[in-house]
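Q: Okay, so here is start.cif, and as you'll see once you scroll down, it has mmCIF, C-alpha atoms.
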```cif
data_start
#
loop_
_atom_site.label_atom_id
_atom_site.label_comp_id
_atom_site.auth_asym_id
_atom_site.auth_seq_id
_atom_site.Cartn_x
_atom_site.Cartn_y
_atom_site.Cartn_z
CA MET A 1 15.48 139.76 57.03
CA ASN A 2 16.37 141.47 60.27
CA GLY A 3 16.05 145.03 58.87
CA ASN A 4 19.82 145.64 58.87
CA PRO A 5 21.49 146.38 55.55
CA SER A 6 23.70 143.60 54.24
CA ARG A 7 27.45 143.96 53.95
CA ALA A 8 27.11 144.10 50.15
CA ILE A 9 24.68 147.04 50.38
CA LEU A 10 26.98 148.83 52.85
CA ALA A 11 29.90 148.34 50.51
CA TRP A 12 27.84 149.77 47.65
CA TYR A 13 26.93 152.81 49.74
CA TRP A 14 30.67 153.41 50.44
CA VAL A 15 31.54 153.10 46.77
CA LEU A 16 28.78 155.56 45.84
CA ALA A 17 29.83 158.06 48.54
CA VAL A 18 33.47 157.96 47.47
CA ALA A 19 32.49 158.40 43.80
CA LEU A 20 30.31 161.40 44.63
CA PHE A 21 33.09 162.92 46.72
CA LEU A 22 35.65 162.50 43.93
CA ALA A 23 33.24 163.93 41.36
CA SER A 24 32.62 166.93 43.58
CA ALA A 25 36.35 167.38 44.17
CA ASN A 26 37.12 167.13 40.45
CA SER A 27 34.38 169.62 39.69
CA SER A 28 35.80 171.98 42.27
CA LEU A 29 39.29 171.57 40.86
CA ALA A 30 38.05 172.27 37.34
CA THR A 31 36.31 175.41 38.56
CA ASP A 32 39.47 176.58 40.30
CA ASP A 33 41.63 175.73 37.30
CA GLN A 34 39.55 177.72 34.82
CA PHE A 35 40.20 180.84 36.88
CA ARG A 36 43.96 180.35 36.60
CA THR A 37 43.68 182.30 33.35
CA LEU A 38 42.31 185.80 33.92
CA TYR A 39 41.34 188.35 31.29
CA ILE A 40 41.91 192.12 31.02
CA ALA A 41 40.70 194.45 28.29
CA PRO A 42 41.14 198.16 27.47
CA ASN A 43 37.42 198.59 28.15
CA PRO A 44 36.35 196.33 31.03
CA VAL A 45 33.00 194.62 30.57
CA GLY A 46 30.45 192.47 32.41
CA ILE A 47 31.09 191.86 36.09
CA GLN A 48 34.83 192.51 35.52
CA ASN A 49 35.99 189.49 37.50
CA GLY A 50 38.33 188.41 34.70
CA SER A 51 36.72 185.01 34.23
CA ASP A 52 36.54 185.42 30.43
CA TRP A 53 36.61 188.12 27.76
CA ALA A 54 32.92 188.86 28.41
CA ASN A 55 33.83 189.75 32.00
CA ALA A 56 37.27 191.24 31.45
CA GLY A 57 38.72 193.48 34.12
CA SER A 58 40.78 196.66 33.82
CA LEU A 59 44.56 197.04 33.66
CA GLY A 60 44.47 198.64 37.10
CA MET A 61 43.29 195.27 38.49
CA LEU A 62 46.46 193.50 37.33
CA SER A 63 47.98 192.87 40.77
CA MET A 64 44.73 191.41 42.09
CA PHE A 65 44.39 189.17 39.03
CA ILE A 66 47.98 187.94 39.43
CA ALA A 67 47.15 186.85 42.98
CA LYS A 68 43.96 185.20 41.78
CA ALA A 69 45.71 183.36 38.95
CA GLY A 70 48.34 182.06 41.36
CA PRO A 71 51.59 180.23 40.57
CA GLY A 72 51.61 178.95 37.01
CA GLY A 73 48.63 181.06 36.06
CA LYS A 74 48.15 183.63 33.30
CA VAL A 75 46.73 187.10 32.95
CA LEU A 76 45.89 187.87 29.32
CA LEU A 77 45.74 191.43 27.97
CA LYS A 78 43.34 191.82 25.07
CA ALA A 79 45.31 193.32 22.20
CA ASP A 80 42.77 193.66 19.38
CA ASP A 81 40.36 196.05 21.08
CA GLY A 82 42.34 199.31 20.98
CA PRO A 83 45.11 200.65 23.24
CA TYR A 84 45.27 200.82 27.01
CA ARG A 85 45.68 204.38 28.35
CA THR A 86 47.83 205.14 31.39
CA ASP A 87 48.73 208.34 33.21
CA LYS A 88 49.98 206.94 36.53
CA PRO A 89 51.82 203.84 37.76
CA ILE A 90 50.07 200.50 38.09
CA VAL A 91 51.36 198.99 41.32
CA VAL A 92 52.04 195.24 41.27
CA LYS A 93 52.69 193.48 44.58
CA ASN A 94 51.76 189.87 43.90
CA GLY A 95 53.63 187.15 42.03
CA GLY A 96 54.10 183.47 41.29
CA ALA A 97 56.52 180.79 42.49
CA PRO A 98 60.13 180.07 41.43
CA GLU A 99 59.21 177.14 39.19
CA ALA A 100 55.73 178.44 38.36
CA PRO A 101 55.74 182.14 37.40
CA VAL A 102 52.62 184.07 36.55
CA THR A 103 52.59 185.14 32.88
CA ILE A 104 51.16 188.50 31.81
CA ALA A 105 50.82 188.44 28.03
CA GLY A 106 49.07 190.22 25.18
CA THR A 107 46.81 188.11 22.97
CA ASP A 108 44.03 188.64 20.48
CA SER A 109 40.49 187.65 21.36
CA SER A 110 41.21 184.10 20.15
CA GLY A 111 44.16 183.73 22.48
CA ARG A 112 46.86 184.04 19.82
CA PRO A 113 49.97 186.07 20.78
CA MET A 114 49.57 189.75 19.88
CA LYS A 115 51.23 192.79 21.42
CA ALA A 116 48.89 194.77 23.67
CA GLU A 117 49.55 198.51 23.24
CA ILE A 118 49.86 200.66 26.37
CA VAL A 119 49.95 204.40 25.64
CA GLY A 120 51.03 207.06 28.12
CA THR A 121 51.19 210.85 28.28
CA ARG A 122 54.80 211.54 27.20
CA ALA A 123 55.07 214.24 24.55
CA ASP A 124 55.29 212.79 21.05
CA PRO A 125 57.58 213.87 19.53
CA TRP A 126 59.38 214.34 22.83
CA SER A 127 60.95 217.66 23.72
CA ARG A 128 62.56 218.95 26.88
CA GLN A 129 59.63 221.32 27.35
CA GLY A 130 57.03 218.58 26.93
CA LYS A 131 55.61 216.02 29.35
CA SER A 132 58.06 213.29 30.32
CA GLY A 133 55.33 210.72 31.05
CA SER A 134 54.90 208.39 34.02
CA GLU A 135 55.93 204.88 35.00
CA VAL A 136 53.75 202.02 33.84
CA PHE A 137 54.25 198.87 35.96
CA ARG A 138 55.68 199.60 39.41
CA LEU A 139 56.86 196.31 40.90
CA SER A 140 57.02 196.38 44.69
CA SER A 141 57.51 193.78 47.44
CA GLY A 142 55.84 190.51 46.52
CA ALA A 143 56.05 190.96 42.75
CA ASP A 144 58.27 187.91 42.39
CA ASN A 145 58.43 185.36 39.60
CA LEU A 146 56.55 187.28 36.94
CA ARG A 147 56.84 186.92 33.16
CA PHE A 148 55.75 189.82 30.95
CA GLU A 149 55.51 189.30 27.19
CA GLN A 150 53.80 190.54 24.03
CA ILE A 151 53.39 194.20 25.05
CA PHE A 152 53.99 197.43 23.12
CA PHE A 153 54.64 200.54 25.25
CA ARG A 154 54.33 203.98 23.72
CA ASN A 155 54.92 207.50 25.11
CA GLN A 156 55.94 206.47 28.63
CA GLY A 157 58.19 207.95 31.34
CA ASN A 158 60.91 206.68 33.67
CA GLY A 159 60.22 202.98 33.55
CA CYS A 160 57.81 200.89 31.58
CA PHE A 161 59.01 198.59 34.35
CA GLN A 162 60.01 200.38 37.56
CA ILE A 163 61.22 198.13 40.39
CA THR A 164 60.94 199.82 43.78
CA ASN A 165 61.62 196.94 46.23
CA ASP A 166 63.58 193.69 46.33
CA ILE A 167 62.15 191.15 43.89
CA GLN A 168 63.31 188.00 42.15
CA GLY A 169 62.59 185.98 39.05
CA LEU A 170 61.52 188.69 36.57
CA VAL A 171 61.29 187.87 32.85
CA ILE A 172 60.64 190.55 30.22
CA ARG A 173 60.48 189.22 26.65
CA GLU A 174 58.95 189.83 23.22
CA ILE A 175 58.28 193.49 24.02
CA GLU A 176 58.58 196.77 22.12
CA ALA A 177 58.73 200.33 23.39
CA ARG A 178 58.69 203.61 21.51
CA ASN A 179 59.33 207.13 22.86
CA VAL A 180 60.14 206.46 26.52
CA GLN A 181 62.32 208.18 29.06
CA ARG A 182 63.62 204.79 30.18
CA PHE A 183 62.38 201.24 29.56
CA VAL A 184 63.57 199.41 32.72
CA GLU A 185 64.60 201.14 35.94
CA ASN A 186 65.07 199.99 39.53
CA HIS A 187 65.09 202.53 42.31
CA PRO A 188 63.94 202.14 45.93
CA GLY A 189 60.68 203.73 46.88
CA ASN A 190 62.33 205.47 49.84
CA PRO A 191 65.87 205.75 51.27
CA GLN A 192 65.21 203.10 53.94
CA GLU A 193 64.45 200.41 51.35
CA THR A 194 66.35 198.56 48.65
CA ALA A 195 65.37 197.58 45.13
CA ASN A 196 67.59 194.60 44.34
CA ILE A 197 66.66 192.25 41.52
CA ASN A 198 67.88 188.68 41.85
CA GLY A 199 67.29 186.86 38.59
CA LEU A 200 66.35 189.11 35.67
CA HIS A 201 66.02 187.97 32.07
CA ILE A 202 65.35 190.52 29.34
CA GLN A 203 65.07 188.95 25.88
CA ARG A 204 63.97 189.98 22.40
CA VAL A 205 63.15 193.57 23.26
CA VAL A 206 63.25 196.64 21.00
CA VAL A 207 63.33 200.19 22.43
CA ARG A 208 63.13 202.99 19.87
CA GLY A 209 63.34 206.58 21.07
CA TYR A 210 64.66 207.16 24.60
CA SER A 211 66.04 210.27 26.31
CA LYS A 212 67.51 208.65 29.45
CA GLY A 213 68.14 205.08 28.42
CA ALA A 214 66.88 201.64 27.62
CA ILE A 215 67.89 199.82 30.82
CA ARG A 216 69.34 201.01 34.13
CA LEU A 217 70.05 198.52 36.92
CA GLN A 218 71.23 199.62 40.36
CA SER A 219 71.71 198.50 43.97
CA ALA A 220 72.99 194.93 44.47
CA SER A 221 71.06 193.41 41.58
CA GLN A 222 72.52 190.12 40.37
CA ASN A 223 72.14 187.13 38.09
CA ILE A 224 71.06 189.16 35.09
CA THR A 225 70.84 188.13 31.44
CA ILE A 226 70.11 190.67 28.72
CA GLU A 227 70.03 189.21 25.22
CA GLU A 228 68.72 189.99 21.76
CA VAL A 229 67.92 193.58 22.68
CA LEU A 230 68.04 196.67 20.47
CA GLY A 231 68.04 200.19 21.89
CA ASP A 232 68.01 203.24 19.60
CA SER A 233 67.63 206.63 21.26
CA GLU A 234 66.80 208.11 17.85
CA ARG A 235 68.92 211.04 19.11
CA GLN A 236 66.45 212.31 21.68
CA ASP A 237 68.45 215.11 23.29
CA GLY A 238 68.16 217.22 26.43
CA ASP A 239 67.57 214.79 29.30
CA ASN A 240 71.20 214.60 30.56
CA PHE A 241 73.34 211.44 30.56
CA ALA A 242 71.61 209.36 27.92
CA ILE A 243 72.85 205.77 28.31
CA GLY A 244 71.67 202.66 26.49
CA VAL A 245 72.44 200.13 29.26
CA ALA A 246 73.70 201.44 32.63
CA LEU A 247 74.89 199.19 35.47
CA GLU A 248 75.38 200.98 38.80
CA GLY A 249 75.69 200.31 42.53
CA THR A 250 77.13 196.83 43.15
CA VAL A 251 75.35 195.10 40.29
CA HIS A 252 77.12 191.82 39.49
CA ASN A 253 76.96 188.56 37.58
CA VAL A 254 75.64 190.08 34.37
CA LEU A 255 75.64 188.64 30.85
CA LEU A 256 74.86 190.85 27.85
CA ARG A 257 74.59 188.83 24.64
CA HIS A 258 73.59 190.13 21.20
CA VAL A 259 72.69 193.54 22.60
CA THR A 260 72.91 196.66 20.39
CA MET A 261 72.74 200.24 21.68
CA ILE A 262 72.91 203.11 19.21
CA ASN A 263 72.63 206.90 18.99
CA SER A 264 72.75 207.87 22.69
CA TYR A 265 72.81 211.66 22.47
CA ASP A 266 73.30 214.38 25.08
CA SER A 267 74.51 217.89 24.29
CA THR A 268 73.19 219.60 27.45
CA HIS A 269 76.66 220.42 28.88
CA GLU A 270 80.06 221.58 27.66
CA TYR A 271 81.17 217.96 27.73
CA TRP A 272 78.75 215.98 25.60
CA ASN A 273 77.67 212.79 27.35
CA GLY A 274 75.76 209.91 25.81
CA ASP A 275 77.04 206.30 26.02
CA GLY A 276 76.07 202.95 24.60
CA PHE A 277 77.01 200.87 27.68
CA THR A 278 78.26 201.99 31.10
CA THR A 279 79.36 200.15 34.23
CA GLU A 280 80.21 201.99 37.45
CA ARG A 281 83.13 201.43 39.84
CA HIS A 282 81.62 198.90 42.25
CA VAL A 283 80.02 196.78 39.54
CA TYR A 284 81.76 193.44 38.90
CA ASN A 285 81.69 190.24 36.89
CA VAL A 286 80.14 191.56 33.69
CA GLN A 287 80.37 189.72 30.36
CA PHE A 288 79.65 191.22 26.96
CA GLU A 289 79.20 188.81 24.05
CA ASP A 290 78.53 189.95 20.48
CA THR A 291 77.39 193.43 21.50
CA VAL A 292 77.31 196.62 19.41
CA ALA A 293 77.64 200.29 20.41
CA SER A 294 77.34 202.96 17.74
CA GLY A 295 76.62 206.64 17.20
CA SER A 296 77.04 207.87 20.80
CA THR A 297 78.13 211.43 21.56
CA ASP A 298 80.60 210.06 24.14
CA ALA A 299 81.65 206.43 24.61
CA GLY A 300 80.44 203.28 23.00
CA TYR A 301 81.60 201.33 26.06
CA ASP A 302 82.32 203.35 29.23
CA LEU A 303 83.47 200.72 31.72
CA LYS A 304 84.53 201.38 35.32
CA SER A 305 83.77 197.87 36.59
CA ILE A 306 86.22 195.12 37.49
CA GLN A 307 86.20 191.52 36.24
CA THR A 308 84.83 192.76 32.94
CA SER A 309 85.20 190.84 29.70
CA LEU A 310 84.16 191.67 26.15
CA LEU A 311 84.04 189.08 23.37
CA ARG A 312 83.48 190.18 19.77
CA ALA A 313 82.33 193.65 20.84
CA HIS A 314 81.75 196.07 17.97
CA SER A 315 82.13 199.80 18.56
CA GLU A 316 81.76 202.34 15.78
CA ASP A 317 81.06 206.04 15.21
CA ASN A 318 81.28 207.01 18.91
CA LYS A 319 83.55 209.79 20.15
CA ARG A 320 85.51 207.20 22.12
CA ASN A 321 84.76 203.68 21.05
CA PHE A 322 86.14 202.03 24.20
CA ARG A 323 86.64 204.00 27.42
CA ILE A 324 88.15 201.89 30.22
CA TRP A 325 88.39 203.08 33.84
CA GLY A 326 88.64 199.75 35.72
CA ASN A 327 90.06 196.50 34.40
CA SER A 328 88.79 194.84 31.25
CA THR A 329 89.75 192.15 28.78
CA ILE A 330 88.62 192.79 25.21
CA LYS A 331 88.91 189.93 22.69
CA ASP A 332 88.20 189.80 18.95
CA CYS A 333 86.64 193.25 18.92
CA VAL A 334 86.04 195.68 16.07
CA SER A 335 86.72 199.39 16.60
CA ARG A 336 85.88 201.54 13.62
CA ASP A 337 85.75 205.24 12.72
CA PRO A 338 85.40 207.20 16.00
CA HIS A 339 83.45 210.41 15.46
CA LYS A 340 83.33 213.47 17.71
CA ARG A 341 80.05 215.32 17.22
CA GLY A 342 80.62 218.17 19.67
CA GLY A 343 81.72 219.23 23.15
CA ARG A 344 85.12 218.81 24.78
CA GLY A 345 87.43 215.84 24.39
CA ALA A 346 89.17 214.12 21.49
CA GLN A 347 88.08 211.14 19.46
CA ASN A 348 89.89 207.85 19.81
CA HIS A 349 89.52 204.10 19.57
CA PHE A 350 90.74 203.17 23.07
CA TRP A 351 90.92 205.57 26.02
CA ILE A 352 92.48 204.17 29.20
CA ALA A 353 91.99 206.19 32.40
CA ASP A 354 94.58 206.97 35.07
CA GLY A 355 95.39 203.73 36.90
CA ALA A 356 93.18 201.56 34.69
CA THR A 357 94.29 198.30 33.06
CA ALA A 358 93.08 196.73 29.84
CA ARG A 359 94.12 193.87 27.60
CA ILE A 360 93.13 193.81 23.93
CA VAL A 361 93.52 190.57 22.01
CA GLY A 362 92.83 189.91 18.33
CA CYS A 363 90.98 193.16 17.64
CA GLN A 364 90.46 194.89 14.32
CA ILE A 365 90.96 198.68 14.34
CA GLU A 366 90.03 200.73 11.28
CA ASP A 367 89.87 204.47 10.63
CA THR A 368 90.43 207.01 7.85
CA ASP A 369 90.27 210.20 9.96
CA SER A 370 93.59 211.97 10.54
CA THR A 371 92.33 213.55 13.80
CA THR A 372 91.90 210.22 15.60
CA THR A 373 94.20 208.91 18.33
CA VAL A 374 94.17 205.12 18.42
CA PHE A 375 95.44 204.51 21.97
CA GLU A 376 95.20 207.22 24.65
CA ILE A 377 96.54 206.15 28.05
CA GLY A 378 96.40 208.14 31.27
CA HIS A 379 98.85 208.37 34.19
CA ARG A 380 99.69 204.88 35.47
CA GLY A 381 97.28 203.40 32.97
CA GLU A 382 98.28 200.06 31.45
CA LEU A 383 97.28 198.74 28.05
CA THR A 384 98.43 195.49 26.45
CA VAL A 385 97.64 194.99 22.76
CA GLN A 386 98.09 191.53 21.29
CA ASP A 387 97.57 190.33 17.71
CA ALA A 388 95.67 193.45 16.70
CA ARG A 389 95.12 194.51 13.11
CA VAL A 390 95.31 198.28 12.71
CA ASN A 391 94.56 200.17 9.51
CA ILE A 392 94.44 203.94 10.07
CA ASN A 393 95.11 207.23 8.32
CA PRO A 394 98.89 207.74 7.97
CA SER A 395 98.54 211.19 9.58
CA ALA A 396 96.62 209.92 12.61
CA ARG A 397 98.27 209.63 16.03
CA PHE A 398 98.96 206.03 16.96
CA SER A 399 99.31 206.56 20.70
CA SER A 400 99.44 209.12 23.49
CA VAL A 401 100.84 207.81 26.79
CA ARG A 402 101.05 210.04 29.88
CA SER A 403 103.70 209.77 32.58
CA GLY A 404 103.68 206.44 34.37
CA GLY A 405 101.43 204.89 31.76
CA SER A 406 102.42 201.97 29.55
CA LEU A 407 101.52 200.55 26.14
CA ASP A 408 102.76 197.02 25.51
CA ILE A 409 102.45 195.72 21.94
CA ILE A 410 102.72 191.93 21.56
CA ALA A 411 103.02 190.11 18.22
CA ASN A 412 103.06 193.41 16.41
CA ARG A 413 103.52 191.85 12.98
CA ASN A 414 99.81 192.48 12.42
CA LEU A 415 100.04 196.13 13.40
CA GLN A 416 100.25 198.41 10.42
CA LYS A 417 99.65 202.09 10.04
#
```
Let's see the structure in the file written out as C-alpha cells.

A:
Amino acid sequence: MNGNPSRAILAWYWVLAVALFLASANSSLATDDQFRTLYIAPNPVGIQNGSDWANAGSLGMLSMFIAKAGPGGKVLLKADDGPYRTDKPIVVKNGGAPEAPVTIAGTDSSGRPMKAEIVGTRADPWSRQGKSGSEVFRLSSGADNLRFEQIFFRNQGNGCFQITNDIQGLVIREIEARNVQRFVENHPGNPQETANINGLHIQRVVVRGYSKGAIRLQSASQNITIEEVLGDSERQDGDNFAIGVALEGTVHNVLLRHVTMINSYDSTHEYWNGDGFTTERHVYNVQFEDTVASGSTDAGYDLKSIQTSLLRAHSEDNKRNFRIWGNSTIKDCVSRDPHKRGGRGAQNHFWIADGATARIVGCQIEDTDSTTTVFEIGHRGELTVQDARVNINPSARFSSVRSGGSLDIIANRNLQK
C-alpha cells in the first residue's frame, strides 16, 4: 500500500461526516422545537425560562416568551395553580406570522384546556366610588398575529385587551370576563399614533358585569368578525354611556353574528343613556346577523352608520328598540315591548332621526303598552315598512311623523292594530 486512503475509505468518511452533520442538525432542530411551547405559572419556579412547568416564568414575561416561541408557537398559562394577580398593564409587543400565529392559552398542568384566571383590583361589587381597575394586556406595535384563548378575567378596568398601536391578525376566543369596565378597547397611546386593527376575530366570549361596555372599536379598524358573544352589564350604573358593542371612528367591514347584548344601564344624566349596539356616523359596511339587544335604558340598536344591514335582529325591553340615524335595512326582525325606565324621551319600536332613511322588511312588532309609539320619524326622515306584522295595544300611537318626514307602508295586509 502507498499509505494513501483508498477511494472506498474516503467515500465512507464522507458518508460518516454527512450522517454526523445531519444528526447534529436534527438534534439542534429538536432542541429549538421544544422551546416553541413556553410555560407561565401564577408562581414562577426554577430558572423561569419557560422551558417546562418546573421552570415556568411569570405573566409579566409574556411578550418575551411570545418572541421566543416564534411563529406557530404557544405560550401556555397554568390554570390549576391559583389565579394570576394584576394591578398594571402587561405590555405585549411581539407576535407571530399571518399563517402561523402565536397562541396564548390556559391549560391545566397536563396540557388540557382550562381557563386561567386573571384577577385585578376593580372593586367587587363595583361602585362609582370604588377602584375602576387597570388594563390587562396592552397590545402595542409588533403584537401581530396573536391568538388568546381559555382565559377568565375578573375585576379588571378599561380593557382586558387594550390595543394602543396598529396591529393585525388578533383572535380572542373561548374567554370569559366578569366585573370589568370594558373587555376590548382600542385607543392610541398618544395623539400622534393610531390604533387600527386589521383582522379581528372575537368568538365564544362571555362578559358579565360591565360599566362601560363589552367591546369598543375605534379608528380605521377593519375586517372584524364578532360571533357567539354574550354581554350582560348586570346593570352596573354610574360610568356614563354604557354600550355593549360600540363602533366608532371609520371602523368598517364588520360582521356581528349571534351576538347578544343586554342590560346596558346609565342613569347619570337627565337623559338616560345605555345601548346594546351603537355605530357612529363615519362607520360603514356593518352587518348584523341573528343579534339580540335587550333591557337597555336607551336604544337596543343605535345606528348612525351607512351601508348597515340587520338580518333577524331581535330587540326587546329597551326604551327605543331601533334608533336609526344613518341608513339601514332591517329584515325579518322582532321588536317587542319597549320599556322606558327613566329619564327624558318616549318609548317606541322604531325611531328615525331627522334626514335618516330606513327600510323594514318582514318584521314582527308586538306590544301591549298603550304609551308606546310604533314608528317615530323626524324631519325629512324616511321609513319604508314592507310585509310587517304588527300587534299592539289599541290605544297605542301607530306613528308620529314630523314635517318633511315620510312613512311608506307596502303590502299592509299584514299590518293590524

Q: Please list as a ChimeraX atom specification every residue within 10 Å of Gly244 of chain A, counting all atoms listed in the file and excluding residues in the same chain fewer than 4 positions away.

A: /A:182-183,207,210-216,230-233,259-265,274-278,293,296,300

Q: Applying the PyMOL selection byres ((chain A and resi 87-98) around 7) to the file I just gave you, which residues come out? Please list them as a list in words.

A: Gly60, Ser63, Ile66, Ala67, Gly70, Pro71, Gly72, Arg85, Thr86, Glu99, Ala100, Pro101, Val102, Gly120, Thr121, Ser134, Glu135, Val136, Phe137, Arg138, Leu139, Ser140, Ser141, Gly142, Ala143, Asp144, Asn145, Leu146 and Gly169 of chain A

Q: If I take atom CA of Leu200 of chain A and atom CA of Ile224 of chain A, how far is one from the other in Å, to one decimal?

A: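 Going from atom CA of Leu200 of chain A over to atom CA of Ile224 of chain A covers 4.7 Å.
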
Q: Neighbours of segment 41-45 of chain A within 8 Å (only C-alpha atoms; same-chain residues fewer than 4 positions away dropped), as a list in words?

A: Trp53, Ala54, Asn55, Ala56, Gly57, Ser58, Leu59, Leu77, Lys78, Ala79, Asp81, Gly82, Pro83, Tyr84 and Arg85 of chain A

Q: At a cut-off of 6 Å, using only C-alpha atoms, what residues contact Asn285 of chain A? Leave out same-chain residues fewer than 4 positions from it and give the result as JSON, numbers by chain.

A: {"A": [252, 253, 307, 308]}

Q: For the residues in that selection, give me C-alpha atoms as a compact mmCIF listing (two decimals), keeping the file's coordinate frame.

A:
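So the final result, stored in part21.txt, reads:
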```
# COMPACT_ATOMS: atom_id res chain seq x y z
CA HIS A 252 77.12 191.82 39.49
CA ASN A 253 76.96 188.56 37.58
CA GLN A 307 86.20 191.52 36.24
CA THR A 308 84.83 192.76 32.94
```

Q: Could you check which of A:Tyr271, A:Tyr284, A:Phe161, A:Phe398 is closest to Ala220 of chain A, using all atoms listed in the file?

A: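 The answer is A:Tyr284, which sits nearest to Ala220 of chain A.
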
Q: For each of A:Gly295, A:Gln347, A:Ala388, A:Val286, take the minimum atom-to-atom distance to Lys331 of chain A, counting all atoms listed in the file, then give the residue where this is smallest.

A: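 Under the stated criterion, the closest residue is A:Ala388.
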
Q: Would you mind reading off the distance between atom CA of Arg281 of chain A and atom CA of Ser335 of chain A, one decimal, in Å?

A: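 Spanning atom CA of Arg281 of chain A to atom CA of Ser335 of chain A is a straight-line distance of 23.6 Å.
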
Q: Would you please work out which residue, of A:Asn240, A:Asn348, A:Gln150, A:Ser400, is nearest to Ile365 of chain A when using all atoms listed in the file?

A: A:Asn348

Q: Nearest to Thr368 of chain A among A:Gly343, A:Gly209, A:Gly355, A:Pro338, with distances taken over all atoms listed in the file: which residue is it?

A: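 So, comparing all the options, the nearest one is A:Pro338.
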
Q: Could you check how far atom CA of Gly238 of chain A sits from atom CA of Val251 of chain A, in Å to one decimal?

A: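 Answer for the atom CA of Gly238 of chain A to atom CA of Val251 of chain A separation: 27.1 Å.
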
Q: Just the residues within 7 Å of Asp408 of chain A, please, counting only C-alpha atoms, with nothing from its chain fewer than 6 positions along; format it as a PyMOL selection string.

A: chain A and resi 383-385

Q: In the coordinate frame of the file, compute which residues have an atom within 6 Å of (70.0, 198.4, 44.8) when using all atoms listed in the file, and state them as a ChimeraX atom specification.

A: /A:194-196,218-220

Q: Keeping only C-alpha atoms, write the selected residues to a file as a short mmCIF file (atom, residue, chain, number, x, y, z; two decimals), in the coordinates of the input.

A:
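Resulting contents of again.cif:
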```cif
data_model
loop_
_atom_site.label_atom_id
_atom_site.label_comp_id
_atom_site.auth_asym_id
_atom_site.auth_seq_id
_atom_site.Cartn_x
_atom_site.Cartn_y
_atom_site.Cartn_z
CA THR A 194 66.35 198.56 48.65
CA ALA A 195 65.37 197.58 45.13
CA ASN A 196 67.59 194.60 44.34
CA GLN A 218 71.23 199.62 40.36
CA SER A 219 71.71 198.50 43.97
CA ALA A 220 72.99 194.93 44.47
#
```

Q: Tell me, as a VMD selection string, which residues lie within 10 Å of Asn393 of chain A, counting only C-alpha atoms; anything in the same chain fewer than 5 positions away does not count.

A: chain A and resid 366 to 372 398 417
